[in-house]
>>> print(open('input_28.cif').read())   # mmCIF, C-alpha atoms
data_protein
loop_
_atom_site.group_PDB
_atom_site.id
_atom_site.type_symbol
_atom_site.label_atom_id
_atom_site.label_comp_id
_atom_site.auth_asym_id
_atom_site.auth_seq_id
_atom_site.Cartn_x
_atom_site.Cartn_y
_atom_site.Cartn_z
ATOM 1 C CA MET A 1 -0.330 11.898 -25.577
ATOM 2 C CA SER A 2 -1.291 11.555 -29.221
ATOM 3 C CA GLU A 3 2.066 10.112 -30.332
ATOM 4 C CA ALA A 4 0.984 6.532 -30.955
ATOM 5 C CA GLY A 5 3.198 3.863 -29.473
ATOM 6 C CA ALA A 6 5.347 6.285 -27.506
ATOM 7 C CA THR A 7 3.262 6.182 -24.347
ATOM 8 C CA LYS A 8 3.112 3.429 -21.770
ATOM 9 C CA LYS A 9 0.738 3.000 -18.868
ATOM 10 C CA PHE A 10 2.616 3.430 -15.586
ATOM 11 C CA LEU A 11 0.998 2.547 -12.256
ATOM 12 C CA TYR A 12 2.552 3.489 -8.938
ATOM 13 C CA ILE A 13 1.139 1.387 -6.109
ATOM 14 C CA ASN A 14 1.549 2.861 -2.641
ATOM 15 C CA ARG A 15 0.984 0.381 0.141
ATOM 16 C CA LYS A 16 2.761 1.727 3.195
ATOM 17 C CA ALA A 17 2.028 4.418 5.793
ATOM 18 C CA PRO A 18 3.576 7.822 4.958
ATOM 19 C CA TYR A 19 6.011 7.821 7.866
ATOM 20 C CA GLY A 20 7.833 4.966 9.569
ATOM 21 C CA THR A 21 9.607 3.967 6.372
ATOM 22 C CA ILE A 22 10.883 6.036 3.433
ATOM 23 C CA TYR A 23 8.895 4.211 0.743
ATOM 24 C CA ALA A 24 6.055 6.744 0.491
ATOM 25 C CA TRP A 25 8.402 9.696 0.051
ATOM 26 C CA GLU A 26 10.757 7.948 -2.372
ATOM 27 C CA SER A 27 7.720 6.798 -4.362
ATOM 28 C CA LEU A 28 6.656 10.441 -4.723
ATOM 29 C CA GLU A 29 10.142 11.326 -5.918
ATOM 30 C CA VAL A 30 9.807 8.782 -8.738
ATOM 31 C CA VAL A 31 6.322 10.070 -9.624
ATOM 32 C CA LEU A 32 7.558 13.672 -9.833
ATOM 33 C CA ILE A 33 10.584 12.812 -11.995
ATOM 34 C CA GLY A 34 8.509 10.399 -14.078
ATOM 35 C CA ALA A 35 5.954 13.125 -14.839
ATOM 36 C CA ALA A 36 8.507 14.770 -17.144
ATOM 37 C CA PHE A 37 8.424 11.707 -19.413
ATOM 38 C CA GLU A 38 4.774 12.278 -20.390
ATOM 39 C CA GLN A 39 3.598 8.718 -19.884
ATOM 40 C CA ASP A 40 0.069 7.653 -18.944
ATOM 41 C CA VAL A 41 0.430 7.721 -15.162
ATOM 42 C CA SER A 42 -1.898 6.426 -12.446
ATOM 43 C CA LEU A 43 -1.402 6.150 -8.704
ATOM 44 C CA LEU A 44 -3.072 3.530 -6.533
ATOM 45 C CA PHE A 45 -3.259 3.739 -2.757
ATOM 46 C CA MET A 46 -4.065 0.520 -0.949
ATOM 47 C CA ASP A 47 -3.359 -1.201 2.383
ATOM 48 C CA ASP A 48 -1.774 1.306 4.837
ATOM 49 C CA GLY A 49 -0.887 3.423 1.800
ATOM 50 C CA VAL A 50 -4.301 5.105 2.122
ATOM 51 C CA TYR A 51 -2.905 6.930 5.184
ATOM 52 C CA GLN A 52 -0.596 8.863 2.837
ATOM 53 C CA LEU A 53 -3.548 10.961 1.645
ATOM 54 C CA ILE A 54 -4.987 11.877 5.076
ATOM 55 C CA LYS A 55 -5.572 15.613 5.454
ATOM 56 C CA GLY A 56 -4.314 17.718 8.349
ATOM 57 C CA MET A 57 -1.112 15.743 8.833
ATOM 58 C CA ASP A 58 1.268 17.095 11.495
ATOM 59 C CA THR A 59 4.768 15.599 11.647
ATOM 60 C CA LYS A 60 6.374 17.914 14.213
ATOM 61 C CA GLY A 61 6.401 15.243 16.894
ATOM 62 C CA ILE A 62 8.511 12.817 14.840
ATOM 63 C CA GLY A 63 11.002 15.319 13.404
ATOM 64 C CA MET A 64 10.149 14.469 9.800
ATOM 65 C CA LYS A 65 9.557 16.812 6.887
ATOM 66 C CA ASN A 66 5.812 16.940 6.190
ATOM 67 C CA PHE A 67 5.350 16.092 2.511
ATOM 68 C CA SER A 68 1.522 16.109 2.472
ATOM 69 C CA ALA A 69 1.453 19.208 0.259
ATOM 70 C CA THR A 70 3.284 17.320 -2.491
ATOM 71 C CA TYR A 71 0.185 15.206 -3.143
ATOM 72 C CA SER A 72 -1.911 18.303 -3.810
ATOM 73 C CA ALA A 73 0.699 19.458 -6.357
ATOM 74 C CA LEU A 74 0.375 16.261 -8.415
ATOM 75 C CA GLY A 75 -2.436 17.752 -10.510
ATOM 76 C CA ASP A 76 -0.001 20.397 -11.779
ATOM 77 C CA TYR A 77 2.236 17.569 -13.013
ATOM 78 C CA ASP A 78 -0.663 16.050 -15.012
ATOM 79 C CA VAL A 79 -0.887 13.235 -12.482
ATOM 80 C CA ASN A 80 -4.643 13.171 -12.051
ATOM 81 C CA LYS A 81 -5.695 9.534 -11.882
ATOM 82 C CA ILE A 82 -5.407 8.740 -8.203
ATOM 83 C CA TYR A 83 -7.143 5.525 -7.267
ATOM 84 C CA VAL A 84 -7.903 4.639 -3.648
ATOM 85 C CA ASP A 85 -8.924 1.170 -2.497
ATOM 86 C CA GLN A 86 -12.310 1.879 -0.878
ATOM 87 C CA ASP A 87 -12.165 -1.326 1.194
ATOM 88 C CA ALA A 88 -8.734 -0.384 2.573
ATOM 89 C CA LEU A 89 -10.234 2.949 3.661
ATOM 90 C CA ALA A 90 -13.255 1.273 5.294
ATOM 91 C CA GLU A 91 -11.098 -1.311 7.077
ATOM 92 C CA ARG A 92 -9.252 1.575 8.729
ATOM 93 C CA GLY A 93 -12.418 3.471 9.721
ATOM 94 C CA LEU A 94 -11.743 6.136 7.097
ATOM 95 C CA THR A 95 -13.894 7.783 4.429
ATOM 96 C CA LEU A 96 -13.203 10.047 1.458
ATOM 97 C CA GLU A 97 -13.820 13.024 3.775
ATOM 98 C CA ASP A 98 -10.688 12.100 5.765
ATOM 99 C CA LEU A 99 -8.506 12.504 2.672
ATOM 100 C CA GLN A 100 -7.074 15.627 1.078
ATOM 101 C CA HIS A 101 -9.255 17.075 -1.679
ATOM 102 C CA LEU A 102 -6.953 16.500 -4.661
ATOM 103 C CA VAL A 103 -7.879 18.273 -7.889
ATOM 104 C CA TRP A 104 -6.571 18.982 -11.358
ATOM 105 C CA GLU A 105 -7.458 21.510 -14.037
ATOM 106 C CA ASP A 106 -8.756 20.159 -17.357
ATOM 107 C CA GLU A 107 -7.300 22.264 -20.153
ATOM 108 C CA ASN A 108 -9.815 20.762 -22.597
ATOM 109 C CA GLU A 109 -12.703 22.160 -20.569
ATOM 110 C CA ASP A 110 -11.517 25.715 -19.941
ATOM 111 C CA TRP A 111 -9.369 24.609 -16.999
ATOM 112 C CA ALA A 112 -12.345 23.270 -15.072
ATOM 113 C CA GLU A 113 -11.293 21.914 -11.683
ATOM 114 C CA LYS A 114 -11.904 18.180 -11.372
ATOM 115 C CA ASP A 115 -11.410 15.623 -8.623
ATOM 116 C CA SER A 116 -8.321 13.443 -8.946
ATOM 117 C CA ILE A 117 -9.275 10.777 -6.404
ATOM 118 C CA ARG A 118 -11.399 7.867 -7.564
ATOM 119 C CA LEU A 119 -12.544 5.272 -5.036
ATOM 120 C CA VAL A 120 -12.295 1.765 -6.489
ATOM 121 C CA SER A 121 -13.344 -1.719 -5.469
ATOM 122 C CA ARG A 122 -10.884 -4.610 -5.387
ATOM 123 C CA ASP A 123 -12.454 -6.022 -8.540
ATOM 124 C CA GLU A 124 -11.792 -2.705 -10.259
ATOM 125 C CA ILE A 125 -8.194 -2.769 -8.959
ATOM 126 C CA ALA A 126 -7.679 -6.150 -10.591
ATOM 127 C CA GLY A 127 -8.792 -4.636 -13.892
ATOM 128 C CA LEU A 128 -6.580 -1.594 -13.340
ATOM 129 C CA LEU A 129 -3.511 -3.810 -12.814
ATOM 130 C CA GLU A 130 -4.377 -5.835 -15.896
ATOM 131 C CA GLU A 131 -4.197 -2.847 -18.230
ATOM 132 C CA GLN A 132 -0.774 -1.526 -17.090
ATOM 133 C CA ASP A 133 2.555 -1.790 -18.906
ATOM 134 C CA VAL A 134 4.784 -0.879 -15.947
ATOM 135 C CA ILE A 135 3.951 -1.303 -12.259
ATOM 136 C CA PHE A 136 5.983 0.117 -9.396
ATOM 137 C CA ASN A 137 5.116 -1.220 -5.978
ATOM 138 C CA PHE A 138 6.154 0.938 -3.027
ATOM 139 C CA MET B 1 13.142 -10.279 -24.388
ATOM 140 C CA LYS B 2 14.490 -7.005 -23.051
ATOM 141 C CA PHE B 3 14.314 -6.722 -19.250
ATOM 142 C CA GLY B 4 14.664 -3.802 -16.879
ATOM 143 C CA ILE B 5 15.533 -4.753 -13.304
ATOM 144 C CA MET B 6 14.802 -2.729 -10.169
ATOM 145 C CA VAL B 7 16.366 -3.604 -6.801
ATOM 146 C CA ASN B 8 14.748 -1.924 -3.826
ATOM 147 C CA GLU B 9 16.409 -3.479 -0.779
ATOM 148 C CA GLY B 10 19.943 -3.581 0.573
ATOM 149 C CA PRO B 11 22.199 -6.656 0.582
ATOM 150 C CA TYR B 12 22.314 -9.253 3.373
ATOM 151 C CA THR B 13 19.283 -7.953 5.326
ATOM 152 C CA HIS B 14 16.993 -8.858 2.460
ATOM 153 C CA GLN B 15 16.993 -11.460 -0.303
ATOM 154 C CA ALA B 16 15.892 -8.981 -2.999
ATOM 155 C CA SER B 17 19.397 -8.366 -4.352
ATOM 156 C CA ASP B 18 20.258 -12.099 -4.398
ATOM 157 C CA SER B 19 17.039 -12.891 -6.266
ATOM 158 C CA ALA B 20 17.603 -10.027 -8.710
ATOM 159 C CA TYR B 21 21.151 -11.239 -9.314
ATOM 160 C CA PHE B 22 20.071 -14.820 -10.025
ATOM 161 C CA PHE B 23 17.208 -13.621 -12.221
ATOM 162 C CA THR B 24 19.533 -11.334 -14.191
ATOM 163 C CA LYS B 25 22.152 -14.077 -14.585
ATOM 164 C CA ALA B 26 19.545 -16.626 -15.691
ATOM 165 C CA ALA B 27 18.031 -14.183 -18.182
ATOM 166 C CA LEU B 28 21.453 -13.452 -19.691
ATOM 167 C CA ASP B 29 22.290 -17.173 -19.835
ATOM 168 C CA LYS B 30 19.066 -17.719 -21.795
ATOM 169 C CA GLY B 31 20.075 -15.047 -24.275
ATOM 170 C CA HIS B 32 17.794 -12.253 -23.064
ATOM 171 C CA GLU B 33 18.882 -8.637 -22.903
ATOM 172 C CA ILE B 34 19.160 -6.660 -19.657
ATOM 173 C CA PHE B 35 18.544 -3.013 -20.513
ATOM 174 C CA ARG B 36 19.546 -1.761 -17.080
ATOM 175 C CA VAL B 37 19.620 -2.689 -13.393
ATOM 176 C CA PHE B 38 18.396 0.222 -11.268
ATOM 177 C CA PHE B 39 19.047 0.327 -7.513
ATOM 178 C CA TYR B 40 16.654 2.362 -5.364
ATOM 179 C CA HIS B 41 15.807 2.858 -1.663
ATOM 180 C CA ASP B 42 18.311 0.840 0.451
ATOM 181 C CA GLY B 43 19.075 -1.059 -2.758
ATOM 182 C CA VAL B 44 21.836 1.492 -3.426
ATOM 183 C CA GLN B 45 23.857 -0.239 -0.682
ATOM 184 C CA ASN B 46 24.417 -3.041 -3.185
ATOM 185 C CA GLY B 47 26.883 -0.687 -4.869
ATOM 186 C CA THR B 48 29.289 0.114 -2.039
ATOM 187 C CA ASP B 49 32.850 -1.034 -2.571
ATOM 188 C CA PHE B 50 33.444 -0.869 1.201
ATOM 189 C CA THR B 51 31.484 -4.092 1.702
ATOM 190 C CA THR B 52 33.640 -6.767 3.380
ATOM 191 C CA PRO B 53 31.582 -9.863 4.178
ATOM 192 C CA PRO B 54 33.144 -12.868 5.963
ATOM 193 C CA GLN B 55 35.243 -15.159 3.725
ATOM 194 C CA ASP B 56 32.681 -17.964 3.815
ATOM 195 C CA ASP B 57 29.768 -15.757 2.701
ATOM 196 C CA ARG B 58 28.882 -14.558 -0.797
ATOM 197 C CA ASN B 59 30.044 -11.075 -1.758
ATOM 198 C CA VAL B 60 26.846 -9.519 -3.109
ATOM 199 C CA VAL B 61 28.524 -6.331 -4.342
ATOM 200 C CA LYS B 62 31.456 -8.039 -6.037
ATOM 201 C CA ARG B 63 29.085 -10.507 -7.661
ATOM 202 C CA TRP B 64 27.202 -7.636 -9.348
ATOM 203 C CA SER B 65 30.485 -5.986 -10.412
ATOM 204 C CA GLU B 66 31.720 -9.205 -11.991
ATOM 205 C CA LEU B 67 28.430 -9.816 -13.792
ATOM 206 C CA ALA B 68 28.540 -6.236 -15.088
ATOM 207 C CA GLN B 69 32.056 -6.691 -16.437
ATOM 208 C CA GLU B 70 31.216 -10.019 -18.032
ATOM 209 C CA HIS B 71 28.051 -8.811 -19.792
ATOM 210 C CA ASP B 72 28.619 -5.049 -20.058
ATOM 211 C CA LEU B 73 25.644 -4.465 -17.733
ATOM 212 C CA ASP B 74 24.425 -0.977 -16.864
ATOM 213 C CA LEU B 75 24.178 -0.860 -13.047
ATOM 214 C CA VAL B 76 22.692 2.450 -11.889
ATOM 215 C CA LEU B 77 22.432 3.768 -8.326
ATOM 216 C CA CYS B 78 19.763 6.447 -7.812
ATOM 217 C CA VAL B 79 21.589 9.670 -6.941
ATOM 218 C CA ALA B 80 19.007 10.965 -4.433
ATOM 219 C CA ALA B 81 18.799 7.604 -2.666
ATOM 220 C CA ALA B 82 22.599 7.245 -2.770
ATOM 221 C CA GLN B 83 23.304 10.665 -1.287
ATOM 222 C CA ARG B 84 21.023 9.971 1.669
ATOM 223 C CA ARG B 85 22.729 6.675 2.334
ATOM 224 C CA GLY B 86 26.410 7.512 1.951
ATOM 225 C CA LEU B 87 27.127 6.232 -1.561
ATOM 226 C CA VAL B 88 29.683 8.582 -3.117
ATOM 227 C CA ASP B 89 31.512 8.458 -6.446
ATOM 228 C CA GLU B 90 34.587 10.571 -7.275
ATOM 229 C CA ASP B 91 32.562 13.503 -8.618
ATOM 230 C CA GLU B 92 30.263 13.516 -5.614
ATOM 231 C CA GLN B 93 33.280 13.249 -3.298
ATOM 232 C CA LYS B 94 34.711 16.460 -4.772
ATOM 233 C CA ARG B 95 31.370 18.253 -4.814
ATOM 234 C CA HIS B 96 30.525 17.456 -1.203
ATOM 235 C CA GLY B 97 34.073 17.431 0.201
ATOM 236 C CA LYS B 98 33.955 13.855 1.464
ATOM 237 C CA ASP B 99 36.965 11.821 2.602
ATOM 238 C CA GLY B 100 36.522 9.021 0.103
ATOM 239 C CA HIS B 101 34.419 7.441 -2.576
ATOM 240 C CA ASN B 102 32.874 3.986 -2.491
ATOM 241 C CA VAL B 103 31.001 3.201 -5.694
ATOM 242 C CA ALA B 104 32.027 -0.313 -6.743
ATOM 243 C CA PRO B 105 33.324 -1.112 -10.256
ATOM 244 C CA GLY B 106 30.581 -1.442 -12.858
ATOM 245 C CA PHE B 107 28.134 0.796 -10.944
ATOM 246 C CA ARG B 108 27.374 4.414 -11.765
ATOM 247 C CA ILE B 109 25.310 7.086 -10.019
ATOM 248 C CA SER B 110 22.518 8.718 -12.005
ATOM 249 C CA GLY B 111 18.983 10.065 -11.739
ATOM 250 C CA LEU B 112 15.521 8.562 -11.451
ATOM 251 C CA GLY B 113 14.940 9.332 -15.118
ATOM 252 C CA GLN B 114 17.070 6.254 -15.801
ATOM 253 C CA LEU B 115 14.445 4.139 -14.025
ATOM 254 C CA ILE B 116 11.568 5.628 -16.002
ATOM 255 C CA GLU B 117 13.550 5.146 -19.208
ATOM 256 C CA ALA B 118 14.051 1.480 -18.287
ATOM 257 C CA GLY B 119 10.274 1.175 -17.840
ATOM 258 C CA ILE B 120 9.708 2.708 -21.253
ATOM 259 C CA GLN B 121 12.449 0.866 -23.167
ATOM 260 C CA ALA B 122 12.235 -2.620 -21.651
ATOM 261 C CA ASP B 123 9.593 -5.188 -22.558
ATOM 262 C CA ARG B 124 9.275 -6.037 -18.858
ATOM 263 C CA LEU B 125 10.382 -4.169 -15.747
ATOM 264 C CA VAL B 126 10.917 -6.678 -12.944
ATOM 265 C CA VAL B 127 10.957 -5.260 -9.408
ATOM 266 C CA PHE B 128 12.729 -6.988 -6.505
ATOM 267 C CA GLY B 129 11.841 -5.945 -2.960
ATOM 268 C CA ASP B 130 8.880 -5.874 -0.597
#
>>> encode(input="input_28.cif", output="structure tokens")
Amino acid sequence: MSEAGATKKFLYINRKAPYGTIYAWESLEVVLIGAAFEQDVSLLFMDDGVYQLIKGMDTKGIGMKNFSATYSALGDYDVNKIYVDQDALAERGLTLEDLQHLVWEDENEDWAEKDSIRLVSRDEIAGLLEEQDVIFNF
Amino acid sequence: MKFGIMVNEGPYTHQASDSAYFFTKAALDKGHEIFRVFFYHDGVQNGTDFTTPPQDDRNVVKRWSELAQEHDLDLVLCVAAAQRRGLVDEDEQKRHGKDGHNVAPGFRISGLGQLIEAGIQADRLVVFGD
């Protein structure tokens, strides 16, 4: 990350429910491939996208592969800035406790486990968008 | 300015590909550079040579092919998205034992890394879709 000028800020916005359309899964595929490029990556979950992070997902009834576990692997790919629109959660009767506990290990602090999810207000989201170089909207 | 273009929806159902085409054409006409056009999700359907719209309608696929030939554009179909949706080039046809191949002239199949690279290399990445 110290190579000046080589790194851009990438934000992946996830706005749709995990199943029903393919956008959530194909967004994850971009995030996983993109991780190899060592950019400054953030994810933002807003609108129905907050449902993507719900814990205890069971997809048997709809015949779809359950990709919930992929979110918990993101920390291993150095994807550890996961922003969630707190108003979108509240509007859907959800709280942080309904979401998977996503963590990452900080190599600069003896691999201390840290939370990846940060709840943000819509004002904070505006600021987050402002500072990005590349925004994908899924 | 150097642009990257991303097209996320298929032709005819959605205006995304039309808008991306007109944006790309206008940018080129103004002397800008198009680093790459990357097709993702159902957007890969913009690259099938089997498209046969009615005579009195625009041919979205052919239009991209012609623009690519004219300006030496790099039109890339995401391989994972393409495989799911029946887009097959000659190599993929052999590998998967399919009856034919349908990637239109000017398009090529490649990986998602090409999209990330476009984000890194271009001054602006412009996304067309919902």
>>> resolve_selection(input="input_28.cif", expression="the PyMOL selection byres ((chain A) within 12 of (chain B))", output="PyMOL selection string")
chain A and resi 5-16+21-41+132-138
>>> resolve_selection(input="input_28.cif", expression="the PyMOL selection byres ((chain A and resi 70-75) around 10)", output="ChimeraX atom specification")
/A:25,28-29,31-32,35,52-53,66-69,76-82,100-106,113-116
>>> closest_residue(input="input_28.cif", among="A:Ile54, A:Val84, A:Ile62, A:Leu44", to="Ser121 (chain A)", atoms="only C-alpha atoms")
A:Val84
>>> resolve_selection(input="input_28.cif", expression="the PyMOL selection byres ((chain B and resi 104) around 10)", output="PyMOL selection string")
chain B and resi 46-51+61-62+64-65+87-89+101-103+105-108
>>> closest_residue(input="input_28.cif", among="B:Glu90, B:Glu9, B:Asp99, B:Asp72", to="Phe39 (chain B)", atoms="all atoms listed in the file")
B:Glu9
>>> atom_distance(input="input_28.cif", atom1="CA of Pro53 (chain B)", atom2="CA of Ile5 (chain B)")
24.3 Å
>>> atom_distance(input="input_28.cif", atom1="CA of Gly43 (chain B)", atom2="CA of Asp56 (chain B)")
22.7 Å
>>> axis_aligned_box(input="input_28.cif", around="region 107-120 of chain B", padding_each_side="6 Å", output="lines of an AutoDock Vina configuration file")
center_x = 18.9
center_y = 5.4
center_z = -15.6
size_x = 30.4
size_y = 21.3
size_z = 23.2
>>> atom_distance(input="input_28.cif", atom1="CA of Gly86 (chain B)", atom2="CA of Ala17 (chain A)")
24.9 Å
>>> residues_near_point(input="input_28.cif", point="(23.4, -2.2, -18.4)", cutoff="10 Å", atoms="all atoms listed in the file", output="NGL selection string")
:B and (4-5 or 33-38 or 68-69 or 71-76 or 106-107)
>>> write_last_selection(input="input_28.cif", atoms="C-alpha atoms", output="compact mmCIF listing (two decimals), in the frame of the given file")
# COMPACT_ATOMS: atom_id res chain seq x y z
CA GLY B 4 14.66 -3.80 -16.88
CA ILE B 5 15.53 -4.75 -13.30
CA GLU B 33 18.88 -8.64 -22.90
CA ILE B 34 19.16 -6.66 -19.66
CA PHE B 35 18.54 -3.01 -20.51
CA ARG B 36 19.55 -1.76 -17.08
CA VAL B 37 19.62 -2.69 -13.39
CA PHE B 38 18.40 0.22 -11.27
CA ALA B 68 28.54 -6.24 -15.09
CA GLN B 69 32.06 -6.69 -16.44
CA HIS B 71 28.05 -8.81 -19.79
CA ASP B 72 28.62 -5.05 -20.06
CA LEU B 73 25.64 -4.46 -17.73
CA ASP B 74 24.42 -0.98 -16.86
CA LEU B 75 24.18 -0.86 -13.05
CA VAL B 76 22.69 2.45 -11.89
CA GLY B 106 30.58 -1.44 -12.86
CA PHE B 107 28.13 0.80 -10.94
>>> decode(input="input_28.cif", residues="region 83-104 of chain B", atoms="N, CA and C atoms", output="PDB file, in the first residue's frame")
ATOM      1  N   GLN B  83     -19.843 -17.662 -19.617  1.00  0.00           N
ATOM      2  CA  GLN B  83     -20.053 -19.113 -19.562  1.00  0.00           C
ATOM      3  C   GLN B  83     -21.438 -19.452 -19.022  1.00  0.00           C
ATOM      4  N   ARG B  84     -21.870 -18.696 -18.011  1.00  0.00           N
ATOM      5  CA  ARG B  84     -23.210 -18.934 -17.459  1.00  0.00           C
ATOM      6  C   ARG B  84     -24.301 -18.682 -18.479  1.00  0.00           C
ATOM      7  N   ARG B  85     -24.021 -17.747 -19.399  1.00  0.00           N
ATOM      8  CA  ARG B  85     -25.096 -17.256 -20.259  1.00  0.00           C
ATOM      9  C   ARG B  85     -24.963 -17.697 -21.712  1.00  0.00           C
ATOM     10  N   GLY B  86     -24.102 -18.668 -21.983  1.00  0.00           N
ATOM     11  CA  GLY B  86     -24.046 -19.237 -23.320  1.00  0.00           C
ATOM     12  C   GLY B  86     -23.287 -18.432 -24.344  1.00  0.00           C
ATOM     13  N   LEU B  87     -22.294 -17.652 -23.899  1.00  0.00           N
ATOM     14  CA  LEU B  87     -21.405 -16.957 -24.841  1.00  0.00           C
ATOM     15  C   LEU B  87     -20.138 -17.783 -24.965  1.00  0.00           C
ATOM     16  N   VAL B  88     -19.824 -18.226 -26.193  1.00  0.00           N
ATOM     17  CA  VAL B  88     -18.745 -19.191 -26.393  1.00  0.00           C
ATOM     18  C   VAL B  88     -17.865 -18.751 -27.561  1.00  0.00           C
ATOM     19  N   ASP B  89     -16.559 -18.627 -27.315  1.00  0.00           N
ATOM     20  CA  ASP B  89     -15.656 -18.366 -28.448  1.00  0.00           C
ATOM     21  C   ASP B  89     -15.080 -19.706 -28.924  1.00  0.00           C
ATOM     22  N   GLU B  90     -14.185 -19.674 -29.912  1.00  0.00           N
ATOM     23  CA  GLU B  90     -13.701 -20.936 -30.494  1.00  0.00           C
ATOM     24  C   GLU B  90     -12.943 -21.781 -29.480  1.00  0.00           C
ATOM     25  N   ASP B  91     -12.136 -21.149 -28.642  1.00  0.00           N
ATOM     26  CA  ASP B  91     -11.400 -21.896 -27.617  1.00  0.00           C
ATOM     27  C   ASP B  91     -12.349 -22.556 -26.626  1.00  0.00           C
ATOM     28  N   GLU B  92     -13.321 -21.779 -26.185  1.00  0.00           N
ATOM     29  CA  GLU B  92     -14.290 -22.301 -25.210  1.00  0.00           C
ATOM     30  C   GLU B  92     -15.132 -23.407 -25.839  1.00  0.00           C
ATOM     31  N   GLN B  93     -15.423 -23.275 -27.132  1.00  0.00           N
ATOM     32  CA  GLN B  93     -16.197 -24.308 -27.832  1.00  0.00           C
ATOM     33  C   GLN B  93     -15.466 -25.644 -27.761  1.00  0.00           C
ATOM     34  N   LYS B  94     -14.143 -25.583 -28.036  1.00  0.00           N
ATOM     35  CA  LYS B  94     -13.336 -26.821 -28.006  1.00  0.00           C
ATOM     36  C   LYS B  94     -13.275 -27.373 -26.592  1.00  0.00           C
ATOM     37  N   ARG B  95     -13.006 -26.473 -25.635  1.00  0.00           N
ATOM     38  CA  ARG B  95     -12.818 -26.908 -24.251  1.00  0.00           C
ATOM     39  C   ARG B  95     -14.070 -27.559 -23.688  1.00  0.00           C
ATOM     40  N   HIS B  96     -15.236 -27.019 -24.029  1.00  0.00           N
ATOM     41  CA  HIS B  96     -16.472 -27.508 -23.430  1.00  0.00           C
ATOM     42  C   HIS B  96     -17.288 -28.374 -24.391  1.00  0.00           C
ATOM     43  N   GLY B  97     -16.735 -28.641 -25.580  1.00  0.00           N
ATOM     44  CA  GLY B  97     -17.410 -29.525 -26.531  1.00  0.00           C
ATOM     45  C   GLY B  97     -18.770 -29.010 -26.967  1.00  0.00           C
ATOM     46  N   LYS B  98     -18.835 -27.724 -27.286  1.00  0.00           N
ATOM     47  CA  LYS B  98     -20.122 -27.151 -27.720  1.00  0.00           C
ATOM     48  C   LYS B  98     -20.260 -27.246 -29.239  1.00  0.00           C
ATOM     49  N   ASP B  99     -21.482 -27.076 -29.728  1.00  0.00           N
ATOM     50  CA  ASP B  99     -21.755 -27.220 -31.159  1.00  0.00           C
ATOM     51  C   ASP B  99     -21.299 -26.015 -31.984  1.00  0.00           C
ATOM     52  N   GLY B 100     -21.164 -24.877 -31.351  1.00  0.00           N
ATOM     53  CA  GLY B 100     -20.795 -23.694 -32.125  1.00  0.00           C
ATOM     54  C   GLY B 100     -20.172 -22.634 -31.249  1.00  0.00           C
ATOM     55  N   HIS B 101     -19.798 -21.545 -31.875  1.00  0.00           N
ATOM     56  CA  HIS B 101     -19.292 -20.407 -31.110  1.00  0.00           C
ATOM     57  C   HIS B 101     -20.002 -19.146 -31.601  1.00  0.00           C
ATOM     58  N   ASN B 102     -20.156 -18.164 -30.730  1.00  0.00           N
ATOM     59  CA  ASN B 102     -21.030 -17.044 -31.069  1.00  0.00           C
ATOM     60  C   ASN B 102     -20.510 -15.680 -30.618  1.00  0.00           C
ATOM     61  N   VAL B 103     -19.212 -15.567 -30.396  1.00  0.00           N
ATOM     62  CA  VAL B 103     -18.688 -14.259 -30.001  1.00  0.00           C
ATOM     63  C   VAL B 103     -18.508 -13.388 -31.254  1.00  0.00           C
ATOM     64  N   ALA B 104     -19.162 -12.258 -31.261  1.00  0.00           N
ATOM     65  CA  ALA B 104     -19.202 -11.383 -32.443  1.00  0.00           C
ATOM     66  C   ALA B 104     -17.829 -10.756 -32.701  1.00  0.00           C
TER      67      ALA B 104
END
